[in-house]
Structure formats: C-alpha cells, structure tokens
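The data block below is structure10.cif; it holds mmCIF, C-alpha atoms, pLDDT in the B column; chains and numbers go by the auth columns.
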data_upload
#
loop_
_atom_site.group_PDB
_atom_site.id
_atom_site.type_symbol
_atom_site.label_atom_id
_atom_site.label_comp_id
_atom_site.label_asym_id
_atom_site.label_seq_id
_atom_site.Cartn_x
_atom_site.Cartn_y
_atom_site.Cartn_z
_atom_site.B_iso_or_equiv
_atom_site.auth_seq_id
_atom_site.auth_asym_id
ATOM 1 C CA MET A 1 -62.394 99.153 -3.322 64.00 1 Q
ATOM 2 C CA GLU A 2 -63.771 96.662 -0.831 70.00 2 Q
ATOM 3 C CA LYS A 3 -63.441 99.211 1.982 71.00 3 Q
ATOM 4 C CA ILE A 4 -65.083 101.983 -0.036 70.00 4 Q
ATOM 5 C CA SER A 5 -68.005 99.777 -1.056 66.00 5 Q
ATOM 6 C CA ALA A 6 -68.392 98.571 2.557 66.00 6 Q
ATOM 7 C CA ARG A 7 -68.507 102.178 3.814 69.00 7 Q
ATOM 8 C CA LEU A 8 -71.019 103.180 1.169 64.00 8 Q
ATOM 9 C CA ALA A 9 -73.180 100.185 2.075 62.00 9 Q
ATOM 10 C CA GLN A 10 -72.991 101.105 5.778 63.00 10 Q
ATOM 11 C CA TYR A 11 -74.022 104.669 4.946 65.00 11 Q
ATOM 12 C CA VAL A 12 -77.068 103.487 2.985 64.00 12 Q
ATOM 13 C CA ILE A 13 -78.037 101.021 5.726 64.00 13 Q
ATOM 14 C CA LEU A 14 -77.745 103.774 8.324 64.00 14 Q
ATOM 15 C CA HIS A 15 -80.218 105.929 6.396 68.00 15 Q
ATOM 16 C CA ASN A 16 -82.813 103.328 5.422 70.00 16 Q
ATOM 17 C CA ASN A 17 -82.698 100.778 8.283 64.00 17 Q
ATOM 18 C CA LYS A 18 -82.441 97.681 6.062 67.00 18 Q
ATOM 19 C CA ASP A 19 -79.560 95.801 7.684 68.00 19 Q
ATOM 20 C CA ASP A 20 -80.347 92.597 5.801 72.00 20 Q
ATOM 21 C CA TRP A 21 -79.498 94.356 2.521 71.00 21 Q
ATOM 22 C CA TYR A 22 -75.924 95.193 3.513 71.00 22 Q
ATOM 23 C CA ASP A 23 -74.275 92.485 1.374 76.00 23 Q
ATOM 24 C CA ILE A 24 -76.380 93.434 -1.648 76.00 24 Q
ATOM 25 C CA TYR A 25 -75.513 97.126 -1.307 74.00 25 Q
ATOM 26 C CA LYS A 26 -71.852 96.333 -0.784 75.00 26 Q
ATOM 27 C CA TYR A 27 -71.744 94.116 -3.875 80.00 27 Q
ATOM 28 C CA CYS A 28 -73.576 96.696 -6.007 81.00 28 Q
ATOM 29 C CA PHE A 29 -71.230 99.490 -4.934 79.00 29 Q
ATOM 30 C CA LEU A 30 -68.210 97.268 -5.575 81.00 30 Q
ATOM 31 C CA VAL A 31 -69.381 96.403 -9.098 81.00 31 Q
ATOM 32 C CA CYS A 32 -70.133 100.069 -9.842 85.00 32 Q
ATOM 33 C CA ILE A 33 -66.721 101.219 -8.583 85.00 33 Q
ATOM 34 C CA GLU A 34 -64.886 98.489 -10.516 83.00 34 Q
ATOM 35 C CA THR A 35 -66.847 99.244 -13.701 84.00 35 Q
ATOM 36 C CA ALA A 36 -66.209 102.987 -13.359 88.00 36 Q
ATOM 37 C CA ILE A 37 -62.468 102.458 -12.847 87.00 37 Q
ATOM 38 C CA ASN A 38 -62.312 100.122 -15.823 85.00 38 Q
ATOM 39 C CA LEU A 39 -64.221 102.538 -18.075 88.00 39 Q
ATOM 40 C CA LEU A 40 -62.104 105.504 -17.003 91.00 40 Q
ATOM 41 C CA CYS A 41 -58.887 103.600 -17.740 89.00 41 Q
ATOM 42 C CA ASN A 42 -60.289 102.492 -21.101 88.00 42 Q
ATOM 43 C CA LEU A 43 -61.241 106.087 -21.891 92.00 43 Q
ATOM 44 C CA LEU A 44 -57.774 107.271 -20.860 93.00 44 Q
ATOM 45 C CA ILE A 45 -56.199 104.753 -23.250 90.00 45 Q
ATOM 46 C CA ALA A 46 -58.511 105.932 -26.038 91.00 46 Q
ATOM 47 C CA GLY A 47 -57.687 109.572 -25.266 93.00 47 Q
ATOM 48 C CA ILE A 48 -53.944 108.908 -25.368 92.00 48 Q
ATOM 49 C CA LEU A 49 -54.376 107.139 -28.723 91.00 49 Q
ATOM 50 C CA GLY A 50 -56.579 109.966 -30.044 93.00 50 Q
ATOM 51 C CA MET A 51 -59.391 107.477 -30.653 92.00 51 Q
ATOM 52 C CA VAL A 52 -62.183 108.533 -28.315 93.00 52 Q
ATOM 53 C CA MET A 53 -64.931 108.228 -30.958 92.00 53 Q
ATOM 54 C CA GLU A 54 -63.636 104.793 -31.948 92.00 54 Q
ATOM 55 C CA PHE A 55 -63.604 103.832 -28.264 92.00 55 Q
ATOM 56 C CA PHE A 56 -67.286 104.736 -27.917 91.00 56 Q
ATOM 57 C CA ILE A 57 -68.083 102.579 -30.945 90.00 57 Q
ATOM 58 C CA PHE A 58 -66.030 99.730 -29.459 90.00 58 Q
ATOM 59 C CA ILE A 59 -67.488 99.983 -25.979 89.00 59 Q
ATOM 60 C CA SER A 60 -71.081 100.271 -27.225 88.00 60 Q
ATOM 61 C CA PHE A 61 -70.873 97.033 -29.161 89.00 61 Q
ATOM 62 C CA PHE A 62 -68.656 95.299 -26.627 87.00 62 Q
ATOM 63 C CA TYR A 63 -70.809 95.871 -23.551 85.00 63 Q
ATOM 64 C CA VAL A 64 -74.155 95.252 -25.226 86.00 64 Q
ATOM 65 C CA LEU A 65 -73.067 92.083 -26.982 85.00 65 Q
ATOM 66 C CA ARG A 66 -71.053 90.681 -24.068 81.00 66 Q
ATOM 67 C CA ARG A 67 -74.038 91.253 -21.805 79.00 67 Q
ATOM 68 C CA THR A 68 -76.305 89.364 -24.198 80.00 68 Q
ATOM 69 C CA CYS A 69 -73.958 86.689 -25.574 76.00 69 Q
ATOM 70 C CA GLY A 70 -71.892 85.953 -22.510 76.00 70 Q
ATOM 71 C CA GLY A 71 -68.372 84.702 -22.858 73.00 71 Q
ATOM 72 C CA LEU A 72 -65.167 84.510 -20.902 73.00 72 Q
ATOM 73 C CA HIS A 73 -65.496 85.328 -17.194 70.00 73 Q
ATOM 74 C CA LEU A 74 -62.337 85.763 -15.165 71.00 74 Q
ATOM 75 C CA THR A 75 -62.060 85.070 -11.449 75.00 75 Q
ATOM 76 C CA SER A 76 -60.936 88.474 -10.196 76.00 76 Q
ATOM 77 C CA PHE A 77 -61.370 92.160 -10.892 75.00 77 Q
ATOM 78 C CA ARG A 78 -57.616 92.530 -11.386 80.00 78 Q
ATOM 79 C CA ALA A 79 -57.525 89.858 -14.114 80.00 79 Q
ATOM 80 C CA CYS A 80 -60.623 91.289 -15.795 80.00 80 Q
ATOM 81 C CA PHE A 81 -59.238 94.827 -15.545 80.00 81 Q
ATOM 82 C CA ILE A 82 -55.917 93.868 -17.140 86.00 82 Q
ATOM 83 C CA LEU A 83 -57.469 91.785 -19.912 84.00 83 Q
ATOM 84 C CA THR A 84 -60.110 94.400 -20.722 82.00 84 Q
ATOM 85 C CA ASN A 85 -57.530 97.172 -20.970 84.00 85 Q
ATOM 86 C CA VAL A 86 -55.248 95.017 -23.128 88.00 86 Q
ATOM 87 C CA VAL A 87 -58.198 94.170 -25.406 87.00 87 Q
ATOM 88 C CA VAL A 88 -59.266 97.823 -25.684 87.00 88 Q
ATOM 89 C CA PHE A 89 -55.694 98.930 -26.423 90.00 89 Q
ATOM 90 C CA ALA A 90 -55.075 96.122 -28.942 90.00 90 Q
ATOM 91 C CA THR A 91 -58.396 96.635 -30.721 89.00 91 Q
ATOM 92 C CA LEU A 92 -57.919 100.387 -31.009 91.00 92 Q
ATOM 93 C CA ILE A 93 -54.278 100.111 -32.107 93.00 93 Q
ATOM 94 C CA LEU A 94 -55.137 97.428 -34.668 92.00 94 Q
ATOM 95 C CA SER A 95 -57.988 99.592 -35.968 90.00 95 Q
ATOM 96 C CA LYS A 96 -55.651 102.582 -36.240 90.00 96 Q
ATOM 97 C CA VAL A 97 -52.741 100.770 -37.877 92.00 97 Q
ATOM 98 C CA VAL A 98 -54.628 98.393 -40.172 91.00 98 Q
ATOM 99 C CA GLN A 99 -57.505 99.794 -42.226 87.00 99 Q
ATOM 100 C CA TYR A 100 -59.390 96.863 -43.738 92.00 100 Q
ATOM 101 C CA SER A 101 -61.252 97.169 -46.982 93.00 101 Q
ATOM 102 C CA ASN A 102 -65.004 97.372 -46.583 93.00 102 Q
ATOM 103 C CA ILE A 103 -65.324 93.861 -48.037 95.00 103 Q
ATOM 104 C CA THR A 104 -62.915 92.493 -45.402 95.00 104 Q
ATOM 105 C CA CYS A 105 -64.897 94.252 -42.668 95.00 105 Q
ATOM 106 C CA TRP A 106 -68.123 92.726 -43.959 96.00 106 Q
ATOM 107 C CA LEU A 107 -66.537 89.279 -44.085 97.00 107 Q
ATOM 108 C CA ILE A 108 -65.412 89.621 -40.442 96.00 108 Q
ATOM 109 C CA LEU A 109 -68.819 90.989 -39.388 96.00 109 Q
ATOM 110 C CA VAL A 110 -70.854 88.265 -41.112 96.00 110 Q
ATOM 111 C CA CYS A 111 -68.585 85.470 -39.844 96.00 111 Q
ATOM 112 C CA SER A 112 -68.592 86.890 -36.301 94.00 112 Q
ATOM 113 C CA CYS A 113 -72.379 87.324 -36.258 93.00 113 Q
ATOM 114 C CA THR A 114 -72.834 83.763 -37.547 94.00 114 Q
ATOM 115 C CA VAL A 115 -70.547 82.278 -34.895 93.00 115 Q
ATOM 116 C CA LEU A 116 -72.216 84.333 -32.144 92.00 116 Q
ATOM 117 C CA LEU A 117 -75.641 83.101 -33.264 89.00 117 Q
ATOM 118 C CA ILE A 118 -74.407 79.502 -33.127 89.00 118 Q
ATOM 119 C CA VAL A 119 -72.629 79.543 -29.741 86.00 119 Q
ATOM 120 C CA SER A 120 -74.569 82.154 -27.755 81.00 120 Q
ATOM 121 C CA PRO A 121 -75.864 82.748 -25.186 82.00 121 Q
ATOM 122 C CA ILE A 122 -73.082 81.221 -23.145 77.00 122 Q
ATOM 123 C CA GLU A 123 -73.940 80.174 -19.644 72.00 123 Q
ATOM 124 C CA ASN A 124 -71.506 80.294 -16.797 66.00 124 Q
ATOM 125 C CA LYS A 125 -71.503 78.395 -13.551 67.00 125 Q
ATOM 126 C CA ASN A 126 -72.832 81.427 -11.657 62.00 126 Q
ATOM 127 C CA LYS A 127 -75.652 82.144 -14.101 63.00 127 Q
ATOM 128 C CA LYS A 128 -77.595 79.117 -15.284 72.00 128 Q
ATOM 129 C CA MET A 129 -80.359 79.977 -17.739 71.00 129 Q
ATOM 130 C CA ALA A 130 -83.881 78.648 -17.810 77.00 130 Q
ATOM 131 C CA ALA A 131 -85.272 77.812 -21.271 77.00 131 Q
ATOM 132 C CA THR A 132 -87.391 80.991 -21.300 85.00 132 Q
ATOM 133 C CA ASP A 133 -84.362 83.132 -20.376 79.00 133 Q
ATOM 134 C CA ARG A 134 -82.318 81.445 -23.077 81.00 134 Q
ATOM 135 C CA ASN A 135 -85.014 82.046 -25.705 85.00 135 Q
ATOM 136 C CA TYR A 136 -85.315 85.694 -24.621 85.00 136 Q
ATOM 137 C CA ALA A 137 -81.524 86.133 -24.865 83.00 137 Q
ATOM 138 C CA ILE A 138 -81.496 84.622 -28.357 86.00 138 Q
ATOM 139 C CA LYS A 139 -84.276 86.967 -29.540 89.00 139 Q
ATOM 140 C CA LYS A 140 -82.472 89.918 -27.994 88.00 140 Q
ATOM 141 C CA MET A 141 -79.237 88.849 -29.679 88.00 141 Q
ATOM 142 C CA TYR A 142 -80.949 88.701 -33.092 90.00 142 Q
ATOM 143 C CA ILE A 143 -82.186 92.267 -32.616 92.00 143 Q
ATOM 144 C CA ILE A 144 -78.771 93.510 -31.489 90.00 144 Q
ATOM 145 C CA LEU A 145 -76.988 91.813 -34.386 91.00 145 Q
ATOM 146 C CA ILE A 146 -79.478 93.312 -36.841 93.00 146 Q
ATOM 147 C CA ILE A 147 -78.713 96.745 -35.366 93.00 147 Q
ATOM 148 C CA VAL A 148 -74.979 95.979 -35.655 92.00 148 Q
ATOM 149 C CA LEU A 149 -75.407 95.162 -39.344 94.00 149 Q
ATOM 150 C CA ILE A 150 -77.581 98.244 -39.973 95.00 150 Q
ATOM 151 C CA LEU A 151 -74.882 100.432 -38.393 94.00 151 Q
ATOM 152 C CA ALA A 152 -72.287 98.661 -40.530 95.00 152 Q
ATOM 153 C CA LEU A 153 -74.384 99.501 -43.600 96.00 153 Q
ATOM 154 C CA LEU A 154 -74.487 103.121 -42.451 96.00 154 Q
ATOM 155 C CA PHE A 155 -70.695 103.234 -41.901 94.00 155 Q
ATOM 156 C CA ASP A 156 -70.197 101.609 -45.305 95.00 156 Q
ATOM 157 C CA TYR A 157 -72.615 104.019 -47.032 96.00 157 Q
ATOM 158 C CA LEU A 158 -70.928 107.035 -45.386 95.00 158 Q
ATOM 159 C CA ASN A 159 -67.526 105.594 -46.349 93.00 159 Q
ATOM 160 C CA GLN A 160 -66.415 105.555 -42.691 93.00 160 Q
ATOM 161 C CA THR A 161 -63.954 102.706 -43.112 92.00 161 Q
ATOM 162 C CA ARG A 162 -62.216 103.455 -39.802 91.00 162 Q
ATOM 163 C CA PHE A 163 -65.501 103.018 -37.894 94.00 163 Q
ATOM 164 C CA LEU A 164 -66.363 99.913 -39.901 95.00 164 Q
ATOM 165 C CA THR A 165 -62.898 98.532 -39.080 95.00 165 Q
ATOM 166 C CA VAL A 166 -63.413 99.206 -35.346 93.00 166 Q
ATOM 167 C CA GLN A 167 -66.797 97.516 -35.527 94.00 167 Q
ATOM 168 C CA ALA A 168 -65.341 94.461 -37.306 95.00 168 Q
ATOM 169 C CA ASN A 169 -62.451 94.183 -34.842 95.00 169 Q
ATOM 170 C CA THR A 170 -64.841 94.537 -31.906 93.00 170 Q
ATOM 171 C CA LEU A 171 -67.129 91.785 -33.137 94.00 171 Q
ATOM 172 C CA PHE A 172 -64.109 89.589 -33.777 95.00 172 Q
ATOM 173 C CA VAL A 173 -62.926 90.128 -30.170 92.00 173 Q
ATOM 174 C CA ILE A 174 -66.419 89.375 -28.840 91.00 174 Q
ATOM 175 C CA THR A 175 -66.518 86.199 -30.918 92.00 175 Q
ATOM 176 C CA ILE A 176 -63.139 85.060 -29.597 91.00 176 Q
ATOM 177 C CA THR A 177 -64.128 85.733 -25.958 87.00 177 Q
ATOM 178 C CA ALA A 178 -67.426 83.924 -26.570 87.00 178 Q
ATOM 179 C CA LEU A 179 -65.633 80.882 -27.967 89.00 179 Q
ATOM 180 C CA VAL A 180 -63.079 80.863 -25.130 86.00 180 Q
ATOM 181 C CA GLY A 181 -65.930 81.238 -22.621 82.00 181 Q
ATOM 182 C CA LYS A 182 -67.807 78.368 -24.275 81.00 182 Q
ATOM 183 C CA VAL A 183 -64.739 76.105 -24.086 83.00 183 Q
ATOM 184 C CA LYS A 184 -64.021 77.130 -20.492 77.00 184 Q
ATOM 185 C CA THR A 185 -67.652 76.552 -19.466 72.00 185 Q
ATOM 186 C CA HIS A 186 -67.683 73.179 -21.244 66.00 186 Q
ATOM 187 C CA ASP A 187 -64.482 72.114 -19.435 61.00 187 Q
ATOM 188 C CA ASN A 188 -65.976 72.955 -16.017 56.00 188 Q
#
Could I get this file's structure written as structure tokens?
Amino acid sequence: MEKISARLAQYVILHNNKDDWYDIYKYCFLVCIETAINLLCNLLIAGILGMVMEFFIFISFFYVLRRTCGGLHLTSFRACFILTNVVVFATLILSKVVQYSNITCWLILVCSCTVLLIVSPIENKNKKMAATDRNYAIKKMYIILIIVLILALLFDYLNQTRFLTVQANTLFVITITALVGKVKTHDN
C-alpha cells in the first residue's frame, strides 16, 4: 500500500508541479486505500453473513459517531484492520443470533448515549482539541445522538427489531471503544 500511495503521489506531483505536497498526497492516498480495503472486507463479511443492510446501518452509525466521539486508536493499519473486521463480524453475528426485545435495545441505546455524552469527545495524542473545537464536537455529537434516537424510534415504530438490535449493538461497541480510548489516552 505504501508503494501504491507513493506512486499515486508521484503521478499527481508530476502533473501539478507541487513537489512540497508529496508527503500530503502520499498520506491521503494511503488513508484512502486502507479505508477502501477495510470497507470492502467489511462488506464481504456482511455479504457472506447475508446482512448487507444491517452492515450499512452498523457502518453509518459507527463511522459518524467514531469520527465525532473519538475512541481507541491503534498504532498500525494491520491492527486496526483486524480489530475492525472482528468487531464488524461479532456485531453482525450477535445481531443475527440474539434478537433483543425493543425495551432491551432502548436500554442499551439510552445507556450508550449517556456514556458517550459524558466521556466524549476523546482526544488522542495526535489530535489535541482547542476549547472551540471541543465545544463544536459536543454540539455535533448531540445532533448525531438525537438522529440516532429518532432512527431508533422509527425502527421501533416499524417493528424492525433486527435493525434496532444492530443499532443497539453498534452503539454499545462505540461506547466500549470510547471508554477504552479514554483509559488509554489517560494512561499516556
């Protein structure tokens, strides 16, 4: 992946004459390639499990909330790739095998949202937040969590327990990674 991103960066530099941007282009291409590979593997897992719609529900909440709340950050793509695929597989399998009652889903959702509001946003050593950034992230998180709860109401109203279960499991996973990230950040 490093070689591919380096070649792509060289190609862009060759066509726009901005040599000083090489490292930025290379990093951007690397992140895009890694994200694409991760998403394709996640989608493959979901396809094998016959849970593509559930995967899109999972990934929508997971990426938006992780981006806003922060959480556990691993040191390499390989570690992140493995953990993400294990989490996707485990969340989807759990959602397929165990159908919670709607009340249980709501309990998980409300508890998860409460914990996320208390501990987030989580800083990491590479991304310190100014007070204005932190306040913006908190406001954004409130809006996202309101949308999460509105969608949960919709799933509940439409009696889509399997989607509500995926949503509850996803928020639970996000809460756990947020707490682990908070502890890890606090220890460093």
Could you list, with a cut-off of 8 Å and counting only C-alpha atoms, the residues of stretch 28-99 of chain Q near stretch 141-149 of chain Q, each shown with its nearest atom pair and the distance in Å rounded to one decimal, rows sorted by chain and ascending number, as a tab-separated table?
residue	atom	partner	partner_atom	distance
Q:Phe61	CA	Q:Val148	CA	7.8
Q:Val64	CA	Q:Ile144	CA	8.0
Q:Leu65	CA	Q:Ile144	CA	7.4
Q:Thr68	CA	Q:Met141	CA	6.2
Q:Cys69	CA	Q:Met141	CA	7.0
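Of the listed residues (Q:Thr114, Q:Ser120, Q:Asn102, Q:Gln167), Q:Ser120 comes nearest to Q:Leu72; the distances count all atoms listed in the file.
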Nearby residues (all atoms listed in the file) at most 7 Å from Q:Asn85, same-chain spacing under 4 positions excluded, as a ChimeraX atom specification
/Q:42,81,89
With a distance cut-off of 12 Å and all atoms listed in the file, select the neighbouring residues of Q:Ser76, excluding the residue or stretch itself and same-chain residues fewer than 6 positions from it, and output the selection as a list in words.
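What passes the distance filter is Val31, Glu34, Ile82 and Leu83 of chain Q.
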Which residues are close to Q:Ile57, i.e. within 12 Å by only C-alpha atoms, leaving aside same-chain residues fewer than 4 positions away? Reply as a count of residues only.
27
Using only C-alpha atoms, determine which residues lie at most 12 Å from Q:Arg134, disregarding the query and same-chain residues fewer than 4 positions distant; provide the list as a ChimeraX atom specification.
/Q:68-70,119-123,127-130,138-141
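Shell of Q:Leu74 at 12 Å, with only C-alpha atoms counted and residues fewer than 4 places along the chain excluded, is Q:Arg78, Q:Ala79, Q:Cys80, Q:Phe81, Q:Ile82, Q:Leu83, Q:Thr84, Q:Asn124, Q:Lys125, Q:Asn126, Q:Thr177, Q:Val180, Q:Gly181, Q:Lys184, Q:Thr185.
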For the atom pair atom CA of Q:His73 and atom CA of Q:Lys182, what is the interatomic distance in Å to one decimal place?
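About the pair atom CA of Q:His73 and atom CA of Q:Lys182: they are 10.2 Å apart.
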Ranking Q:Val110, Q:Cys105, Q:Val86, Q:Ile24 by minimum distance to Q:Gln160 and counting all atoms listed in the file, which one comes first?
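Closest to Q:Gln160, using all atoms listed in the file: Q:Cys105.
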Let me have the centre and edge lengths in Å, one decimal, of the box along x, y and z around every listed atom of stretch 112-131 of chain Q with 6 Å of margin on each side, as lines of an AutoDock Vina configuration file.
center_x = -76.9
center_y = 82.6
center_z = -24.6
size_x = 28.7
size_y = 21.5
size_z = 37.9
So what do you get for atom CA of Q:Gly50 versus atom CA of Q:Gln99, distance-wise?
15.9 Å
Go through Q:Lys3, Q:Phe172, Q:Asn16, Q:Leu49 and flag the residue nearest Q:Leu107, using all atoms listed in the file for the distances.
Q:Phe172
So how many Å separate atom CA of Q:Ala90 and atom CA of Q:Val115, to one decimal?
21.6 Å
Choose the residue, out of Q:Ile93, Q:Ile108, Q:Ala178, Q:Ile33, that has the smallest atom-to-atom separation from Q:Ile48; count only C-alpha atoms.
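Looking only at the distances to Q:Ile48, the closest residue turns out to be Q:Ile93.
Of the residues listed (Q:Leu154, Q:Ile4, Q:Ile118, Q:Leu44), Q:Ile118 shows the shortest atom-to-atom separation from Q:Leu179; distances use all atoms listed in the file.
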Compare Q:Glu2, Q:Ala137, Q:Asp20, Q:Tyr25 by their minimum atom-to-atom distance to Q:Arg67, counting all atoms listed in the file, and give me the closest one.
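Comparing Q:Glu2, Q:Ala137, Q:Asp20, Q:Tyr25 against Q:Arg67, the winner is Q:Ala137.
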Can you fill out stretch 105-116 of chain Q with N, CA and C atoms and hand it back as a tab-separated table (two decimals), in the coordinates of the input?
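The resulting file, part15.tsv, is reproduced below:
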chain	number	residue	atom	x	y	z
Q	105	CYS	N	-64.09	93.96	-43.86
Q	105	CYS	CA	-64.90	94.25	-42.67
Q	105	CYS	C	-66.20	93.47	-42.69
Q	106	TRP	N	-66.86	93.45	-43.85
Q	106	TRP	CA	-68.12	92.73	-43.96
Q	106	TRP	C	-67.92	91.22	-43.75
Q	107	LEU	N	-66.84	90.70	-44.27
Q	107	LEU	CA	-66.54	89.28	-44.08
Q	107	LEU	C	-66.37	88.96	-42.60
Q	108	ILE	N	-65.61	89.81	-41.89
Q	108	ILE	CA	-65.41	89.62	-40.44
Q	108	ILE	C	-66.74	89.75	-39.70
Q	109	LEU	N	-67.53	90.77	-40.06
Q	109	LEU	CA	-68.82	90.99	-39.39
Q	109	LEU	C	-69.78	89.81	-39.59
Q	110	VAL	N	-69.92	89.36	-40.82
Q	110	VAL	CA	-70.85	88.26	-41.11
Q	110	VAL	C	-70.40	86.97	-40.43
Q	111	CYS	N	-69.10	86.68	-40.50
Q	111	CYS	CA	-68.58	85.47	-39.84
Q	111	CYS	C	-68.77	85.56	-38.33
Q	112	SER	N	-68.45	86.71	-37.76
Q	112	SER	CA	-68.59	86.89	-36.30
Q	112	SER	C	-70.05	86.76	-35.88
Q	113	CYS	N	-70.95	87.41	-36.60
Q	113	CYS	CA	-72.38	87.32	-36.26
Q	113	CYS	C	-72.87	85.88	-36.35
Q	114	THR	N	-72.43	85.16	-37.37
Q	114	THR	CA	-72.83	83.76	-37.55
Q	114	THR	C	-72.35	82.90	-36.38
Q	115	VAL	N	-71.09	83.06	-36.01
Q	115	VAL	CA	-70.55	82.28	-34.90
Q	115	VAL	C	-71.28	82.63	-33.60
Q	116	LEU	N	-71.51	83.92	-33.37
Q	116	LEU	CA	-72.22	84.33	-32.14
Q	116	LEU	C	-73.62	83.74	-32.10
